[in-house]
>>> print(open('work_33.txt').read())   # compact mmCIF, C-alpha atoms
# COMPACT_ATOMS: atom_id res chain seq x y z
CA GLY A 1095 -3.37 104.99 84.26
CA VAL A 1096 -2.14 108.17 85.99
CA ALA A 1097 1.47 107.08 85.60
CA LEU A 1098 0.99 106.46 81.87
CA TRP A 1099 -0.72 109.83 81.47
CA GLN A 1100 2.11 111.58 83.31
CA ALA A 1101 4.72 109.85 81.15
CA ARG A 1102 2.90 110.87 77.97
CA GLU A 1103 2.55 114.45 79.25
CA ALA A 1104 6.25 114.64 80.14
CA ARG A 1105 7.18 113.30 76.72
CA ALA A 1106 4.92 115.83 75.00
CA GLN A 1107 6.46 118.68 77.00
CA ARG A 1108 9.96 117.53 76.09
CA VAL A 1109 9.06 117.38 72.39
CA GLN A 1110 7.65 120.90 72.60
CA ALA A 1111 10.68 122.27 74.50
CA GLU A 1112 13.17 120.65 72.15
CA GLY A 1113 11.27 121.90 69.12
CA LEU A 1114 11.78 125.42 70.48
CA ILE A 1115 15.47 124.73 71.09
CA GLU A 1116 15.85 123.43 67.53
CA TYR A 1117 14.33 126.70 66.27
CA MET A 1118 16.60 128.79 68.48
CA ILE A 1119 19.85 127.11 67.43
CA GLY A 1120 18.73 126.87 63.80
CA ASP A 1121 16.40 129.39 62.18
CA LEU A 1122 16.67 132.08 64.88
CA ARG A 1123 20.45 131.92 64.80
CA LYS A 1124 20.46 132.40 61.02
CA LYS A 1125 18.34 135.53 61.44
CA LEU A 1126 20.28 137.12 64.30
CA GLN A 1127 23.91 136.35 63.45
CA PRO A 1128 24.08 138.37 60.20
CA VAL A 1129 22.88 141.50 62.04
CA GLY A 1130 25.45 141.11 64.81
CA ARG A 1131 23.16 140.20 67.71
CA LEU A 1132 25.73 138.01 69.41
CA ASP A 1133 24.37 139.06 72.81
CA VAL A 1134 20.99 137.51 72.06
CA LEU A 1135 22.60 134.38 70.62
CA ASP A 1136 24.73 133.97 73.74
CA GLY A 1137 21.56 133.87 75.81
CA VAL A 1138 19.93 131.43 73.41
CA GLY A 1139 22.85 129.00 73.59
CA LEU A 1140 23.14 129.18 77.35
CA LYS A 1141 19.39 128.66 77.82
CA ALA A 1142 19.57 125.58 75.60
CA LEU A 1143 22.47 124.16 77.61
CA ASP A 1144 20.72 124.99 80.89
CA TYR A 1145 17.77 122.95 79.69
CA TYR A 1146 19.93 119.91 78.94
CA ALA A 1147 21.91 120.31 82.16
CA ALA A 1148 18.65 119.89 84.07
CA GLN A 1149 17.93 116.61 82.31
CA ASP A 1150 19.18 113.19 83.33
CA PRO A 1151 21.79 112.40 80.62
CA GLY A 1152 20.66 108.80 80.63
CA SER A 1153 17.15 109.89 79.72
CA LEU A 1154 18.19 111.78 76.57
CA ASP A 1155 17.68 109.97 73.30
CA ALA A 1156 19.99 110.32 70.29
CA ASP A 1157 18.03 113.22 68.78
CA SER A 1158 18.15 115.15 72.07
CA LEU A 1159 21.89 114.54 72.38
CA GLY A 1160 22.32 115.75 68.80
CA ARG A 1161 20.50 118.99 69.59
CA ARG A 1162 22.67 119.41 72.69
CA ALA A 1163 25.77 119.05 70.51
CA ARG A 1164 24.45 121.64 68.05
CA ALA A 1165 23.92 124.04 70.97
CA PHE A 1166 27.60 123.56 71.84
CA HIS A 1167 28.48 124.29 68.19
CA MET A 1168 26.62 127.60 68.46
CA ILE A 1169 28.10 128.84 71.73
CA GLY A 1170 31.54 127.68 70.58
CA SER A 1171 31.26 129.72 67.38
CA LEU A 1172 30.19 132.76 69.42
CA ALA A 1173 33.18 132.34 71.74
CA GLU A 1174 35.45 132.10 68.68
CA GLN A 1175 34.02 135.32 67.23
CA ARG A 1176 34.84 137.08 70.48
CA GLY A 1177 38.40 135.73 70.52
CA ARG A 1178 37.81 133.40 73.47
CA PHE A 1179 39.56 130.49 71.82
CA ASP A 1180 40.09 128.29 74.88
CA GLU A 1181 36.34 128.39 75.54
CA ALA A 1182 35.61 127.70 71.89
CA VAL A 1183 37.90 124.67 71.76
CA ARG A 1184 36.30 123.31 74.94
CA ASP A 1185 32.77 123.76 73.56
CA PHE A 1186 33.60 122.24 70.19
CA GLN A 1187 35.35 119.29 71.83
CA GLN A 1188 32.31 118.62 74.02
CA ALA A 1189 30.16 118.64 70.90
CA ALA A 1190 32.60 116.34 69.09
CA ASP A 1191 32.63 113.87 71.99
CA THR A 1192 28.84 113.57 71.71
CA THR A 1193 28.53 113.51 67.93
CA SER A 1194 31.28 110.92 67.52
CA ARG A 1195 29.59 108.67 70.09
CA LEU A 1196 26.24 109.02 68.30
CA LEU A 1197 27.88 108.29 64.95
CA ARG A 1198 29.51 105.12 66.25
CA ALA A 1199 26.09 103.94 67.43
CA ASP A 1200 24.43 104.65 64.07
CA PRO A 1201 27.13 105.08 61.38
CA HIS A 1202 24.73 105.29 58.43
CA ASP A 1203 22.33 107.89 59.82
CA PRO A 1204 22.63 111.09 57.70
CA GLN A 1205 21.97 113.44 60.63
CA ARG A 1206 24.65 111.75 62.75
CA ILE A 1207 27.17 112.07 59.91
CA PHE A 1208 26.27 115.75 59.41
CA ASP A 1209 26.55 116.58 63.11
CA GLN A 1210 29.98 114.96 63.29
CA SER A 1211 31.08 116.87 60.18
CA GLN A 1212 30.22 120.15 61.90
CA SER A 1213 32.16 119.16 65.02
CA GLU A 1214 35.24 118.38 62.92
CA TYR A 1215 34.87 121.62 60.95
CA TRP A 1216 34.73 123.81 64.05
CA VAL A 1217 37.63 122.06 65.76
CA GLY A 1218 39.69 122.53 62.58
CA TYR A 1219 38.64 126.15 62.13
CA VAL A 1220 39.70 127.22 65.61
CA GLN A 1221 43.03 125.39 65.28
CA TRP A 1222 43.62 127.09 61.92
CA TYR A 1223 42.76 130.51 63.35
CA ARG A 1224 45.23 129.93 66.21
CA GLY A 1225 47.96 128.99 63.73
CA ARG A 1226 48.04 125.32 64.72
CA LEU A 1227 48.10 124.18 61.14
CA HIS A 1228 48.91 120.48 61.54
CA GLU A 1229 46.04 120.04 64.00
CA ALA A 1230 43.79 121.99 61.64
CA GLU A 1231 44.78 119.80 58.68
CA ALA A 1232 43.94 116.63 60.61
CA ALA A 1233 40.51 117.96 61.65
CA PHE A 1234 39.70 119.23 58.16
CA ARG A 1235 40.61 115.86 56.66
CA ARG A 1236 38.17 114.23 59.07
CA TYR A 1237 35.61 116.85 58.03
CA ASP A 1238 36.22 115.96 54.38
CA ASP A 1239 35.71 112.26 55.16
CA MET A 1240 32.35 113.11 56.78
CA ALA A 1241 31.38 115.22 53.75
CA ARG A 1242 32.10 112.31 51.43
CA ARG A 1243 29.96 110.01 53.56
CA MET A 1244 27.15 112.55 53.64
CA ASN A 1245 27.06 112.87 49.87
CA ALA A 1246 27.24 109.11 49.43
CA VAL A 1247 24.20 108.66 51.68
CA ARG A 1248 22.23 111.52 50.14
CA PRO A 1249 23.60 112.43 46.71
CA GLY A 1250 22.30 115.60 45.11
CA ASP A 1251 21.56 117.41 48.38
CA HIS A 1252 22.52 121.04 47.72
CA ASP A 1253 23.67 121.90 51.26
CA TRP A 1254 25.72 118.75 51.56
CA GLN A 1255 27.33 119.30 48.18
CA LEU A 1256 28.51 122.64 49.56
CA GLU A 1257 30.01 120.88 52.57
CA GLY A 1258 32.06 118.77 50.15
CA VAL A 1259 33.39 121.92 48.47
CA PHE A 1260 34.14 123.64 51.77
CA SER A 1261 36.00 120.65 53.18
CA LYS A 1262 38.33 120.44 50.17
CA THR A 1263 38.85 124.19 50.23
CA ASN A 1264 39.75 124.18 53.91
CA ILE A 1265 42.35 121.46 53.44
CA GLY A 1266 43.76 123.40 50.48
CA ILE A 1267 44.04 126.60 52.52
CA VAL A 1268 45.94 124.85 55.31
CA LEU A 1269 48.26 123.01 52.91
CA THR A 1270 49.08 126.30 51.16
CA GLU A 1271 49.92 127.94 54.49
CA LEU A 1272 52.08 124.93 55.37
CA GLY A 1273 54.14 125.54 52.21
CA ARG A 1274 52.59 122.61 50.37
CA ALA A 1275 50.76 124.51 47.65
CA ASP A 1276 51.64 121.81 45.12
CA GLU A 1277 49.44 119.42 47.15
CA ALA A 1278 46.80 122.08 47.72
CA LEU A 1279 46.23 123.12 44.12
CA PRO A 1280 44.62 119.86 42.86
CA LEU A 1281 42.19 119.91 45.80
CA LEU A 1282 41.38 123.58 45.27
CA SER A 1283 40.90 123.03 41.55
CA GLN A 1284 38.48 120.18 42.26
CA ALA A 1285 36.60 122.35 44.77
CA ARG A 1286 36.47 125.15 42.21
CA SER A 1287 35.03 122.85 39.55
CA GLU A 1288 32.38 121.45 41.92
CA MET A 1289 31.46 124.93 43.18
CA ALA A 1290 31.05 126.28 39.66
CA GLN A 1291 28.64 123.45 38.85
CA ILE A 1292 26.61 124.15 41.99
CA ALA A 1293 26.49 127.90 41.33
CA ARG A 1294 25.11 127.37 37.82
CA SER A 1295 21.85 126.10 39.30
CA HIS A 1296 22.09 128.08 42.56
CA PRO A 1297 23.08 131.68 41.73
CA GLU A 1298 22.74 132.56 45.42
CA ASP A 1299 26.03 130.65 45.85
CA ALA A 1300 27.94 133.05 43.59
CA VAL A 1301 29.90 134.55 46.49
CA SER A 1302 30.99 131.08 47.63
CA ASP A 1303 32.02 130.41 44.04
CA GLY A 1304 34.15 133.56 44.05
CA ASN A 1305 35.73 132.68 47.39
CA THR A 1306 36.69 129.21 46.15
CA ILE A 1307 38.33 130.68 43.06
CA GLY A 1308 40.21 133.17 45.22
CA TRP A 1309 41.84 130.46 47.31
CA SER A 1310 43.06 128.73 44.16
CA ALA A 1311 44.61 132.06 43.10
CA ILE A 1312 46.58 132.19 46.34
CA ALA A 1313 47.89 128.66 45.73
CA TYR A 1314 48.98 129.65 42.21
CA ALA A 1315 50.84 132.65 43.61
CA ALA A 1316 52.52 130.51 46.29
CA LEU A 1317 53.91 128.38 43.47
CA GLY A 1318 55.22 131.47 41.64
CA ARG A 1319 52.54 131.23 38.93
CA ASP A 1320 51.47 134.85 39.20
CA GLN A 1321 49.91 135.13 35.75
CA GLU A 1322 47.60 132.22 36.52
CA ALA A 1323 46.81 133.82 39.88
CA ILE A 1324 45.84 137.05 38.12
CA ARG A 1325 43.56 135.17 35.71
CA ALA A 1326 41.94 133.41 38.65
CA GLU A 1327 41.27 136.76 40.34
CA SER A 1328 39.57 137.97 37.16
CA ASP A 1329 37.41 134.83 37.26
CA LYS A 1330 36.64 135.56 40.91
CA ILE A 1331 35.26 138.98 40.01
CA ALA A 1332 33.12 137.51 37.24
CA ALA A 1333 31.76 134.80 39.55
CA ALA A 1334 30.91 137.20 42.36
CA GLN A 1335 29.12 139.58 40.02
CA ARG A 1336 26.75 136.80 38.95
CA ALA A 1337 25.13 136.97 42.39
CA PRO A 1338 21.51 138.21 42.47
CA ASN A 1339 21.46 141.97 43.17
CA ALA A 1340 25.24 142.01 43.02
CA ASP A 1341 25.37 145.81 42.92
CA LYS A 1342 23.81 145.94 46.41
CA ASP A 1343 25.58 142.95 47.94
CA GLN A 1344 28.36 143.89 50.38
CA ASP A 1345 29.96 140.43 50.11
CA VAL A 1346 30.23 140.90 46.35
CA HIS A 1347 31.76 144.36 46.82
CA PHE A 1348 34.31 142.92 49.25
CA LEU A 1349 35.32 140.11 46.87
CA VAL A 1350 35.72 142.51 43.94
CA ALA A 1351 37.83 144.91 46.00
CA ASN A 1352 39.91 142.03 47.34
CA ALA A 1353 40.47 140.71 43.81
CA HIS A 1354 41.79 144.08 42.64
CA HIS A 1355 44.04 144.28 45.69
CA GLU A 1356 45.52 140.82 45.11
CA THR A 1357 45.90 141.42 41.38
CA ALA A 1358 47.75 144.69 42.00
CA ASN A 1359 50.22 142.92 44.30
CA TRP A 1360 51.01 140.28 41.73
CA GLN A 1361 51.25 142.80 38.88
CA ARG A 1362 53.74 144.76 40.98
CA ASP A 1363 55.76 141.59 41.60
CA LEU A 1364 55.83 140.98 37.84
CA GLY A 1365 57.12 144.51 37.25
CA ASP A 1366 53.83 145.80 35.77
CA THR A 1367 53.84 148.85 38.02
CA ASP A 1368 51.53 150.98 35.88
CA ASP A 1369 48.85 148.28 35.78
CA ALA A 1370 49.36 147.62 39.47
CA LEU A 1371 48.84 151.29 40.30
>>> encode(input="work_33.txt", output="structure tokens")
Amino acid sequence: GVALWQAREARAQRVQAEGLIEYMIGDLRKKLQPVGRLDVLDGVGLKALDYYAAQDPGSLDADSLGRRARAFHMIGSLAEQRGRFDEAVRDFQQAADTTSRLLRADPHDPQRIFDQSQSEYWVGYVQWYRGRLHEAEAAFRRYDDMARRMNAVRPGDHDWQLEGVFSKTNIGIVLTELGRADEALPLLSQARSEMAQIARSHPEDAVSDGNTIGWSAIAYAALGRDQEAIRAESDKIAAAQRAPNADKDQDVHFLVANAHHETANWQRDLGDTDDAL
């Protein structure tokens, strides 16, 4: 009887501890990261990993291993923001090793698919940032495959629809930088169409809508289609300004300024110096 009670008590304590970890790497992170408190987030991630390091790996169930992987996602993203790319790659690869193993064990579980998608995204992002474009393309294509599986399992989920847009956009960005804008443009156009549909019912996604349009403009310009690029930049401004409280939103201001900057460059290239000025 004592042994059973102790086992139940230990299980209850683990549930409580991991609930706190889930909050720290989820909701708390979303609150602290926008205000630049990377120092606090560093401590949060390390505390979470310290907790799992003290556990017997064989005693961790799939949900616990998933939370451990998400902790690695967080500390990897913090390392990337500080320019510590070797650390970031190591952290993201550790997460990917876990999430891929969990996915193989339960290939139809939505959470397992999502966790693996995030591992692939972060691996691709760091490779892209380091200029390793072929490695980034491969990771982003795996990310896109995960996004398709996610939306097949749970169609209509707003957050997962966004993942589908982001995965296509990321591939398009890399293809454009590889000099393959002709391959990139159809993907970016599809992402733009999907993002516009999402933003119609979710105006809080207006900035993402503007960003997606902006990447298609860059692909147009890479193909020498500057007039179409200029029209896309005009669409980007209109999309961004549909955001709630757009006049007070710094992300909107950035997109509008960026659109004018890009448009001026292309007008100059076309010989429209007065308009460019």
>>> closest_residue(input="work_33.txt", among="A:Arg1224, A:Arg1336, A:His1354, A:Lys1342", to="A:Asp1180", atoms="all atoms listed in the file")
A:Arg1224
>>> residues_around(input="work_33.txt", residues="A:Glu1257", least_positions_apart="6", cutoff="9 Å", atoms="all atoms listed in the file", output="list in words")
Ser1211, Tyr1237, Asp1238, Ala1241, Arg1242, Met1244 and Asn1245 of chain A
>>> residues_near_point(input="work_33.txt", point="(48.8, 121.7, 60.9)", cutoff="12 Å", atoms="only C-alpha atoms", output="PyMOL selection string")
chain A and resi 1218-1235+1264-1274
>>> atom_distance(input="work_33.txt", atom1="atom CA of A:Glu1214", atom2="atom CA of A:Ala1190")
7.0 Å
>>> closest_residue(input="work_33.txt", among="A:Thr1192, A:Ser1302, A:Gln1175, A:Gln1187", to="A:Ala1156", atoms="all atoms listed in the file")
A:Thr1192
>>> closest_residue(input="work_33.txt", among="A:Arg1178, A:Arg1236, A:Arg1248, A:Arg1184", to="A:Gln1205", atoms="all atoms listed in the file")
A:Arg1248
>>> residues_around(input="work_33.txt", residues="A:Gly1170", least_positions_apart="6", cutoff="10 Å", atoms="all atoms listed in the file", output="JSON, numbers by chain")
{"A": [1136, 1139, 1164, 1176, 1178, 1179, 1180, 1181, 1182, 1183, 1184, 1185, 1186, 1187, 1188, 1189, 1216, 1217, 1220]}
>>> closest_residue(input="work_33.txt", among="A:Thr1306, A:Ser1287, A:Thr1357, A:Ser1328", to="A:Thr1263", atoms="only C-alpha atoms")
A:Thr1306
>>> atom_distance(input="work_33.txt", atom1="atom CA of A:Ala1340", atom2="atom CA of A:Gly1304")
12.3 Å
>>> closest_atom_pairs(input="work_33.txt", of="stretch 1320-1353 of chain A", to="stretch 1278-1284 of chain A", cutoff="12 Å", atoms="only C-alpha atoms", output="JSON lines")
{"residue": "A:Glu1322", "atom": "CA", "partner": "A:Leu1279", "partner_atom": "CA", "distance": 11.9}
{"residue": "A:Ala1323", "atom": "CA", "partner": "A:Leu1279", "partner_atom": "CA", "distance": 11.5}
{"residue": "A:Ala1326", "atom": "CA", "partner": "A:Ser1283", "partner_atom": "CA", "distance": 10.8}
>>> residues_around(input="work_33.txt", residues="A:Asp1345", least_positions_apart="5", cutoff="12 Å", atoms="only C-alpha atoms", output="VMD selection string")
chain A and resid 1128 1298 to 1305 1331 1334 to 1335 1337 to 1340 1350 to 1352
>>> atom_distance(input="work_33.txt", atom1="atom CA of A:Ser1261", atom2="atom CA of A:Ala1246")
15.0 Å
>>> closest_residue(input="work_33.txt", among="A:Ser1213, A:Asn1359, A:Thr1367, A:Gln1255", to="A:Phe1166", atoms="all atoms listed in the file")
A:Ser1213
>>> closest_residue(input="work_33.txt", among="A:Leu1196, A:Leu1371, A:Gly1250, A:Lys1330", to="A:Asp1155", atoms="all atoms listed in the file")
A:Leu1196
